[in-house]
Amino acid sequence: DSAISPATLKTWTYVIEVREGKKQYLYVNGRCVDSTVKNAAGVMPRITTFDVCIGKRPSTNDTLSLFNGLIDEVQMSNRAYSSDRIKLSYSNQQANSIFVIFK
């Protein structure tokens, strides 16, 4: 949700969405910022017949459906990660992280 966690230009941001059954969670920089499921009037139901698109959503207008930014790394899993795992993964990718040291 852009109102809850607005993006900052030219700043690396760690974003994860977790779906678990009918629940969904949005994490930004290791913190859950939204867990509401919104059913807006007039919105089509979830479509499962399209292939997965990263950086673009299926649309008839290709220009409006492109992600305007850089995507560094994408990971998909068949399980819902816990909030502790997400926080650890975010912490592990910080510049001052001591989880992994390259020499």
# chains A, B, ... in the order shown; residues from 1 in each chain; ligands from 1

$ residues_around --residues "A:Arg79" --least-positions-apart "3" --cutoff "10 Å" --atoms "only C-alpha atoms" --output "ChimeraX atom specification"
/A:18-20,76,82

$ write_last_selection --atoms "C-alpha atoms" --output "PDB file, in the first residue's frame"
ATOM      1  CA  VAL A  18       3.062 -13.234   1.420  1.00  0.00           C
ATOM      2  CA  ARG A  19      -0.163 -15.016   0.569  1.00  0.00           C
ATOM      3  CA  GLU A  20      -1.405 -17.685   2.928  1.00  0.00           C
ATOM      4  CA  MET A  76       9.167 -17.140  -5.427  1.00  0.00           C
ATOM      5  CA  SER A  82       7.162 -16.180   8.668  1.00  0.00           C
TER       6      SER A  82
END

$ residues_around --residues "A:Ser91" --least-positions-apart "4" --cutoff "8 Å" --atoms "only C-alpha atoms" --output "list of chain:residue names"
A:Gly30, A:Lys87, A:Ser97

$ write_last_selection --atoms "all heavy atoms" --output "PDB file, in the first residue's frame"
ATOM      1  N   GLY A  30      11.510  -5.461   5.946  1.00  0.00           N
ATOM      2  CA  GLY A  30      11.429  -6.378   7.072  1.00  0.00           C
ATOM      3  C   GLY A  30      10.271  -6.166   8.021  1.00  0.00           C
ATOM      4  O   GLY A  30      10.118  -6.896   8.985  1.00  0.00           O
ATOM      5  N   LYS A  87      12.198 -10.729   8.375  1.00  0.00           N
ATOM      6  CA  LYS A  87      13.038  -9.747   9.061  1.00  0.00           C
ATOM      7  C   LYS A  87      14.509 -10.159   9.007  1.00  0.00           C
ATOM      8  O   LYS A  87      15.391  -9.323   8.777  1.00  0.00           O
ATOM      9  CB  LYS A  87      12.579  -9.612  10.516  1.00  0.00           C
ATOM     10  CG  LYS A  87      13.298  -8.526  11.276  1.00  0.00           C
ATOM     11  CD  LYS A  87      12.726  -8.377  12.669  1.00  0.00           C
ATOM     12  CE  LYS A  87      13.430  -7.273  13.423  1.00  0.00           C
ATOM     13  NZ  LYS A  87      12.885  -7.125  14.767  1.00  0.00           N
ATOM     14  N   SER A  97      25.768  -5.783   7.667  1.00  0.00           N
ATOM     15  CA  SER A  97      25.388  -7.114   8.126  1.00  0.00           C
ATOM     16  C   SER A  97      26.630  -7.934   8.484  1.00  0.00           C
ATOM     17  O   SER A  97      27.645  -7.889   7.798  1.00  0.00           O
ATOM     18  CB  SER A  97      24.607  -7.845   7.023  1.00  0.00           C
ATOM     19  OG  SER A  97      24.412  -9.196   7.408  1.00  0.00           O
TER      20      SER A  97
END

$ residues_around --residues "A:Val37" --least-positions-apart "2" --cutoff "9 Å" --atoms "only C-alpha atoms" --output "PyMOL selection string"
chain A and resi 22-25+34-35+39

$ write_last_selection --atoms "N, CA, C and O atoms" --output "short mmCIF file (atom, residue, chain, number, x, y, z; two decimals), in the first residue's frame"
data_model
loop_
_atom_site.label_atom_id
_atom_site.label_comp_id
_atom_site.auth_asym_id
_atom_site.auth_seq_id
_atom_site.Cartn_x
_atom_site.Cartn_y
_atom_site.Cartn_z
N LYS A 22 -6.47 -17.22 2.30
CA LYS A 22 -7.14 -15.97 1.93
C LYS A 22 -6.49 -14.75 2.58
O LYS A 22 -6.95 -13.64 2.40
N LYS A 23 -5.43 -14.95 3.34
CA LYS A 23 -4.73 -13.85 4.00
C LYS A 23 -3.58 -13.38 3.12
O LYS A 23 -3.02 -14.16 2.36
N GLN A 24 -3.23 -12.11 3.23
CA GLN A 24 -2.06 -11.59 2.52
C GLN A 24 -1.39 -10.52 3.37
O GLN A 24 -2.05 -9.83 4.14
N TYR A 25 -0.07 -10.44 3.23
CA TYR A 25 0.73 -9.53 4.03
C TYR A 25 1.72 -8.82 3.12
O TYR A 25 2.32 -9.45 2.25
N ASP A 34 1.10 -3.86 5.95
CA ASP A 34 -0.32 -3.99 5.62
C ASP A 34 -0.70 -5.46 5.59
O ASP A 34 0.05 -6.30 5.08
N SER A 35 -1.87 -5.76 6.13
CA SER A 35 -2.38 -7.13 6.10
C SER A 35 -3.86 -7.15 5.78
O SER A 35 -4.53 -8.14 6.01
N ASN A 39 -11.53 -5.57 -1.00
CA ASN A 39 -12.41 -5.95 -2.09
C ASN A 39 -13.14 -4.70 -2.55
O ASN A 39 -14.16 -4.33 -1.99
#

$ residues_around --residues "A:Asn68" --least-positions-apart "2" --cutoff "12 Å" --atoms "only C-alpha atoms" --output "number ranges by chain"
A: 7, 9-10, 54-56, 63-66, 70-71

$ write_last_selection --atoms "N, CA and C atoms" --output "mmCIF file, in the first residue's frame"
data_model
loop_
_atom_site.group_PDB
_atom_site.id
_atom_site.type_symbol
_atom_site.label_atom_id
_atom_site.label_comp_id
_atom_site.auth_asym_id
_atom_site.auth_seq_id
_atom_site.Cartn_x
_atom_site.Cartn_y
_atom_site.Cartn_z
ATOM 1 N N ALA A 7 7.304 4.905 -1.333
ATOM 2 C CA ALA A 7 8.637 4.617 -1.860
ATOM 3 C C ALA A 7 9.487 5.875 -1.829
ATOM 4 N N LEU A 9 12.700 7.707 -3.730
ATOM 5 C CA LEU A 9 13.475 7.669 -4.965
ATOM 6 C C LEU A 9 14.925 7.300 -4.706
ATOM 7 N N LYS A 10 15.484 6.475 -5.589
ATOM 8 C CA LYS A 10 16.896 6.078 -5.578
ATOM 9 C C LYS A 10 17.329 5.447 -4.256
ATOM 10 N N ILE A 54 6.507 -10.373 -13.845
ATOM 11 C CA ILE A 54 7.256 -9.614 -12.847
ATOM 12 C C ILE A 54 7.667 -8.305 -13.499
ATOM 13 N N GLY A 55 7.239 -7.203 -12.907
ATOM 14 C CA GLY A 55 7.533 -5.891 -13.470
ATOM 15 C C GLY A 55 6.493 -5.427 -14.466
ATOM 16 N N LYS A 56 5.455 -6.238 -14.670
ATOM 17 C CA LYS A 56 4.377 -5.897 -15.599
ATOM 18 C C LYS A 56 3.153 -6.693 -15.200
ATOM 19 N N THR A 63 1.754 0.184 -21.758
ATOM 20 C CA THR A 63 2.516 1.294 -21.204
ATOM 21 C C THR A 63 2.145 1.558 -19.749
ATOM 22 N N LEU A 64 0.872 1.499 -19.412
ATOM 23 C CA LEU A 64 0.418 1.796 -18.058
ATOM 24 C C LEU A 64 0.660 0.661 -17.076
ATOM 25 N N SER A 65 0.986 -0.521 -17.553
ATOM 26 C CA SER A 65 1.114 -1.651 -16.647
ATOM 27 C C SER A 65 2.567 -2.029 -16.360
ATOM 28 N N LEU A 66 3.534 -1.220 -16.797
ATOM 29 C CA LEU A 66 4.942 -1.521 -16.551
ATOM 30 C C LEU A 66 5.412 -0.918 -15.230
ATOM 31 N N LEU A 70 13.844 -0.327 -10.972
ATOM 32 C CA LEU A 70 14.727 -1.466 -11.170
ATOM 33 C C LEU A 70 14.346 -2.572 -10.204
ATOM 34 N N ILE A 71 14.361 -3.800 -10.690
ATOM 35 C CA ILE A 71 14.115 -4.959 -9.846
ATOM 36 C C ILE A 71 15.433 -5.708 -9.770
#

$ closest_residue --among "A:Phe67, A:Tyr81, A:Phe99, A:Tyr14" --to "A:Arg31" --atoms "only C-alpha atoms"
A:Tyr14
